[in-house]
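One file, run-v1.tsv, is given below (TSV, C-alpha atoms).
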chain	number	residue	atom	x	y	z
A	262	MET	CA	3.40	1.81	-0.40
A	263	SER	CA	1.35	2.48	-3.53
A	264	ALA	CA	2.39	-0.81	-5.12
A	265	GLU	CA	1.53	-2.69	-1.94
A	266	LEU	CA	-1.90	-1.07	-1.77
A	267	GLY	CA	-2.49	-2.05	-5.39
A	268	GLN	CA	-1.66	-5.67	-4.62
A	269	LEU	CA	-3.63	-5.66	-1.38
A	270	SER	CA	-6.71	-4.25	-3.09
A	271	GLY	CA	-6.71	-7.22	-5.47
A	272	LEU	CA	-6.64	-9.88	-2.75
A	273	ASP	CA	-9.82	-11.96	-2.63
A	274	ASP	CA	-8.70	-13.51	0.64
A	275	PHE	CA	-7.80	-10.51	2.84
A	276	THR	CA	-6.23	-12.55	5.64
A	277	GLY	CA	-3.12	-12.08	7.75
A	278	PRO	CA	-1.04	-14.62	5.80
A	279	ALA	CA	-2.08	-13.12	2.44
A	280	VAL	CA	-1.28	-9.54	3.54
A	281	ALA	CA	2.00	-10.68	5.14
A	282	ALA	CA	3.01	-12.38	1.87
A	283	VAL	CA	2.44	-9.13	-0.06
A	284	LEU	CA	4.48	-7.10	2.44
A	285	GLU	CA	7.31	-9.64	2.53
A	286	ALA	CA	7.48	-9.81	-1.28
A	287	SER	CA	7.67	-6.00	-1.35
A	288	GLY	CA	10.73	-5.92	0.91
A	289	TRP	CA	9.12	-5.22	4.28
A	290	GLU	CA	10.68	-6.92	7.31
A	291	GLY	CA	8.16	-8.54	9.61
A	292	GLU	CA	8.18	-9.45	13.27
A	293	ARG	CA	5.82	-11.89	14.94
A	294	ARG	CA	4.90	-10.01	18.10
A	295	ASN	CA	1.68	-11.86	18.79
A	296	PRO	CA	2.30	-15.57	19.48
A	297	ALA	CA	-1.36	-16.32	18.72
A	298	LYS	CA	-0.87	-15.27	15.07
A	299	GLN	CA	0.83	-17.46	12.48
A	300	TRP	CA	2.14	-14.42	10.60
A	301	ALA	CA	4.15	-11.31	11.40
A	302	THR	CA	1.89	-8.52	12.64
A	303	THR	CA	4.47	-5.70	12.81
A	304	TRP	CA	6.37	-4.61	9.68
A	305	ARG	CA	9.08	-2.11	8.83
A	306	ARG	CA	10.74	-0.88	5.67
A	307	GLY	CA	13.05	2.12	5.90
A	308	ASP	CA	11.20	4.78	7.88
A	309	GLY	CA	7.81	3.18	7.21
A	310	TYR	CA	5.81	1.00	9.54
A	311	ALA	CA	2.84	-1.30	8.97
A	312	TRP	CA	0.62	-3.33	11.28
A	313	ILE	CA	-1.76	-6.18	10.50
A	314	GLN	CA	-4.69	-6.51	12.86
A	315	GLY	CA	-7.51	-9.02	13.08
A	316	ASP	CA	-7.95	-12.56	11.83
A	317	GLY	CA	-9.72	-12.29	8.51
A	318	PRO	CA	-10.57	-10.13	6.88
A	319	VAL	CA	-7.79	-8.14	8.47
A	320	GLU	CA	-6.89	-4.47	8.59
A	321	VAL	CA	-3.46	-3.19	7.59
A	322	GLU	CA	-2.28	0.23	8.72
A	323	PHE	CA	0.72	2.04	7.24
A	324	THR	CA	2.17	4.85	9.37
A	325	LEU	CA	3.57	7.56	7.11
A	326	TRP	CA	4.21	10.29	9.68
A	327	TYR	CA	4.30	10.36	13.44
A	328	ARG	CA	5.41	12.77	16.10
A	329	GLU	CA	5.77	11.89	19.76
A	330	VAL	CA	3.71	13.85	22.25
A	331	GLU	CA	5.97	15.57	24.74
A	332	GLY	CA	4.09	16.08	28.00
A	333	GLU	CA	6.83	18.23	29.51
A	334	ARG	CA	6.27	21.04	26.99
A	335	PRO	CA	5.22	24.38	28.58
A	336	ASP	CA	1.72	24.33	27.06
A	337	PRO	CA	0.78	20.75	26.06
A	338	ASP	CA	-2.58	21.88	24.61
A	339	THR	CA	-0.94	24.31	22.20
A	340	TYR	CA	1.76	21.78	21.34
A	341	ILE	CA	-0.76	19.02	20.58
A	342	ASP	CA	-2.78	21.42	18.42
A	343	ASP	CA	0.41	22.20	16.49
A	344	LEU	CA	0.98	18.46	15.94
A	345	TYR	CA	-2.61	18.03	14.74
A	346	ASP	CA	-2.19	20.96	12.36
A	347	ALA	CA	1.15	19.66	11.03
A	348	ALA	CA	-0.25	16.17	10.39
A	349	SER	CA	-3.46	17.55	8.86
A	350	ALA	CA	-1.38	19.77	6.54
A	351	GLU	CA	0.30	16.62	5.14
A	352	LEU	CA	-2.99	14.78	4.59
A	353	PRO	CA	-4.00	16.50	1.30
A	354	ARG	CA	-0.65	15.53	-0.26
A	355	VAL	CA	-1.18	11.87	0.68
A	356	VAL	CA	-4.78	11.97	-0.58
A	357	ALA	CA	-3.64	13.48	-3.89
A	358	GLN	CA	-0.99	10.78	-4.29
A	359	LEU	CA	-3.52	8.03	-3.63
A	360	GLU	CA	-6.05	9.54	-6.04
A	361	SER	CA	-3.48	9.96	-8.82
A	362	GLY	CA	-1.66	6.67	-8.16
A	363	VAL	CA	-2.23	3.07	-9.14
A	364	LEU	CA	-5.57	2.88	-7.36
A	365	GLY	CA	-6.88	6.29	-8.42
A	366	ALA	CA	-9.30	5.16	-11.11
A	367	ARG	CA	-10.72	2.45	-8.86
A	368	LEU	CA	-11.33	4.62	-5.78
A	369	GLU	CA	-15.01	5.28	-5.15
A	370	THR	CA	-16.10	8.18	-2.95
A	371	VAL	CA	-19.23	7.35	-0.98
A	372	ASP	CA	-21.49	9.27	1.38
A	373	GLU	CA	-21.30	6.74	4.21
A	374	ASP	CA	-18.93	6.86	7.19
A	375	LEU	CA	-16.05	4.48	6.42
A	376	THR	CA	-14.11	5.01	9.66
A	377	ASP	CA	-15.54	1.85	11.26
A	378	GLY	CA	-16.06	3.85	14.45
A	379	ALA	CA	-12.43	4.99	14.75
A	380	ASP	CA	-11.88	8.58	15.83
A	381	TYR	CA	-9.80	10.50	13.28
A	382	ILE	CA	-8.82	14.14	13.64
A	383	ASP	CA	-9.14	14.45	9.84
A	384	HIS	CA	-9.51	11.80	7.14
A	385	THR	CA	-10.52	10.92	3.61
A	386	ALA	CA	-11.89	7.48	2.79
A	387	TRP	CA	-12.92	5.52	-0.30
A	388	ARG	CA	-14.38	2.18	-1.22
A	389	ILE	CA	-12.30	0.02	-3.53
A	390	SER	CA	-14.05	-3.21	-4.49
A	391	ASP	CA	-14.89	-4.97	-1.21
A	392	LYS	CA	-12.40	-2.94	0.81
A	393	VAL	CA	-12.01	0.46	2.42
A	394	LEU	CA	-8.98	2.69	1.88
A	395	LEU	CA	-8.60	5.51	4.38
A	396	ALA	CA	-5.95	8.20	4.83
A	397	GLY	CA	-6.19	9.98	8.14
A	398	VAL	CA	-4.67	11.75	11.10
A	399	LYS	CA	-5.15	10.09	14.47
A	400	HIS	CA	-4.09	10.36	18.08
A	401	ASP	CA	-5.23	7.30	20.00
A	402	ASP	CA	-4.43	8.49	23.52
A	403	THR	CA	-2.29	10.96	25.43
A	404	ASP	CA	0.77	8.65	25.48
A	405	ALA	CA	0.61	7.74	21.79
A	406	PRO	CA	2.11	9.76	18.94
A	407	VAL	CA	0.07	11.84	16.53
A	408	GLN	CA	0.09	9.84	13.29
A	409	LEU	CA	-0.71	10.16	9.61
A	410	VAL	CA	-1.83	6.73	8.46
A	411	VAL	CA	-3.17	4.90	5.45
A	412	VAL	CA	-5.45	1.99	6.31
A	413	MET	CA	-6.88	-0.75	4.11
A	414	ARG	CA	-9.46	-3.15	5.48
A	415	GLY	CA	-12.31	-5.30	4.38
A	416	HIS	CA	-15.52	-3.27	4.32
A	417	ASP	CA	-17.40	-3.41	7.64
A	418	THR	CA	-15.02	-5.91	9.23
A	419	GLY	CA	-14.87	-4.24	12.62
A	420	GLU	CA	-11.98	-6.59	13.44
A	421	GLN	CA	-9.81	-5.91	16.48
A	422	ASP	CA	-7.79	-8.10	18.75
A	423	ASP	CA	-9.26	-9.03	22.12
A	424	GLU	CA	-8.12	-5.77	23.73
A	425	GLY	CA	-8.84	-3.62	20.66
A	426	GLU	CA	-5.16	-2.76	20.30
A	427	TRP	CA	-2.62	-2.90	17.50
A	428	LEU	CA	-0.21	-5.76	17.88

Can you give me the file's structure in the form of structure tokens?
Amino acid sequence: MSAELGQLSGLDDFTGPAVAAVLEASGWEGERRNPAKQWATTWRRGDGYAWIQGDGPVEVEFTLWYREVEGERPDPDTYIDDLYDAASAELPRVVAQLESGVLGARLETVDEDLTDGADYIDHTAWRISDKVLLAGVKHDDTDAPVQLVVVMRGHDTGEQDDEGEWL
């Protein structure tokens, strides 16, 4: 994923087709799940997943780690806290890899909130040129898995599909 992030960070035109071309050239397999889009929005390579959201500039999210929430567990609150803790324990390793990788020298730490209003359990974010790179732990709702993600988006895009969901 590091190589892809390096290529994505250099795109002047951060659109769906441009991001899809980078992913395809890097060996990701895409699926067009949204008929309104002219490019694949859902991607997979090995155990990794990626999603492209928006129209331009877009947002691309790589899922590095996810665990399903099992509602039938004896104490769901304790279980979910354990998932949050497990995902948050992995976050520093991902952050260290990003900071020491291809993009490391170009990552700029800033004092502003770069989450674009998204609710992360824990995260670290940087500016890189005209884009935001964020590594974080999230849990969108009770039926969704707890995830460790890396997101790259144009700065202050606020782009979402009509329902605000990943496609």

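Atom CA of Glu322 of chain A lies 19.4 Å from atom CA of Ala297 of chain A.
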
Can you sort out the box for segment 289-292 of chain A, edges along x, y and z, all listed atoms in, 8 Å on every side, with centre and edge lengths in Å to one decimal, as lines of an AutoDock Vina configuration file?
center_x = 9.4
center_y = -7.3
center_z = 8.8
size_x = 18.5
size_y = 20.2
size_z = 25.0

Check which residues of segment 304-371 of chain A sit at most 12 Å from segment 291-295 of chain A using only C-alpha atoms, and return one row each with the closest pair of atoms and their distance in Å to one decimal, ordered by chain and rising number, as a tab-separated table.
residue	atom	partner	partner_atom	distance
A:Trp304	CA	A:Gly291	CA	4.3
A:Arg305	CA	A:Gly291	CA	6.5
A:Arg306	CA	A:Gly291	CA	9.0
A:Gly309	CA	A:Gly291	CA	12.0
A:Tyr310	CA	A:Gly291	CA	9.8
A:Ala311	CA	A:Gly291	CA	9.0
A:Trp312	CA	A:Gly291	CA	9.3
A:Ile313	CA	A:Gly291	CA	10.2
A:Gln314	CA	A:Asn295	CA	10.2
A:Gly315	CA	A:Asn295	CA	11.2
A:Asp316	CA	A:Asn295	CA	11.9

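Take the candidates A:Met262, A:Glu329, A:Arg414, A:Leu272 and check each one against Gly307 of chain A using all atoms listed in the file; the shortest distance goes to A:Met262.
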
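Atom CA of Arg388 of chain A lies 16.2 Å from atom CA of Gln358 of chain A.
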
Of the listed residues A:Trp300, A:Leu409, A:Tyr381, A:Thr324, that which approaches Arg354 of chain A most closely, counting only C-alpha atoms: A:Leu409

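With atom CA of Leu284 of chain A on one side and atom CA of Val371 of chain A on the other, the separation reads 28.0 Å.
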
Exercise: segment 390-404 of chain A partners within 8 Å, only C-alpha atoms, chain neighbours under 4 positions left out, as a ChimeraX atom specification: /A:270,330,345,348-349,352,355-356,367,375-376,380-386,408-416

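Between Phe275 of chain A and the residues A:Glu320, A:Asp308, A:Glu290, A:Glu360, the shortest atom-to-atom distance, using all atoms listed in the file, involves A:Glu320.
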
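Across A:Thr370, A:Gln268, A:Ser263, A:Thr302, the tightest approach to Ala281 of chain A is made by A:Thr302 when counting all atoms listed in the file.
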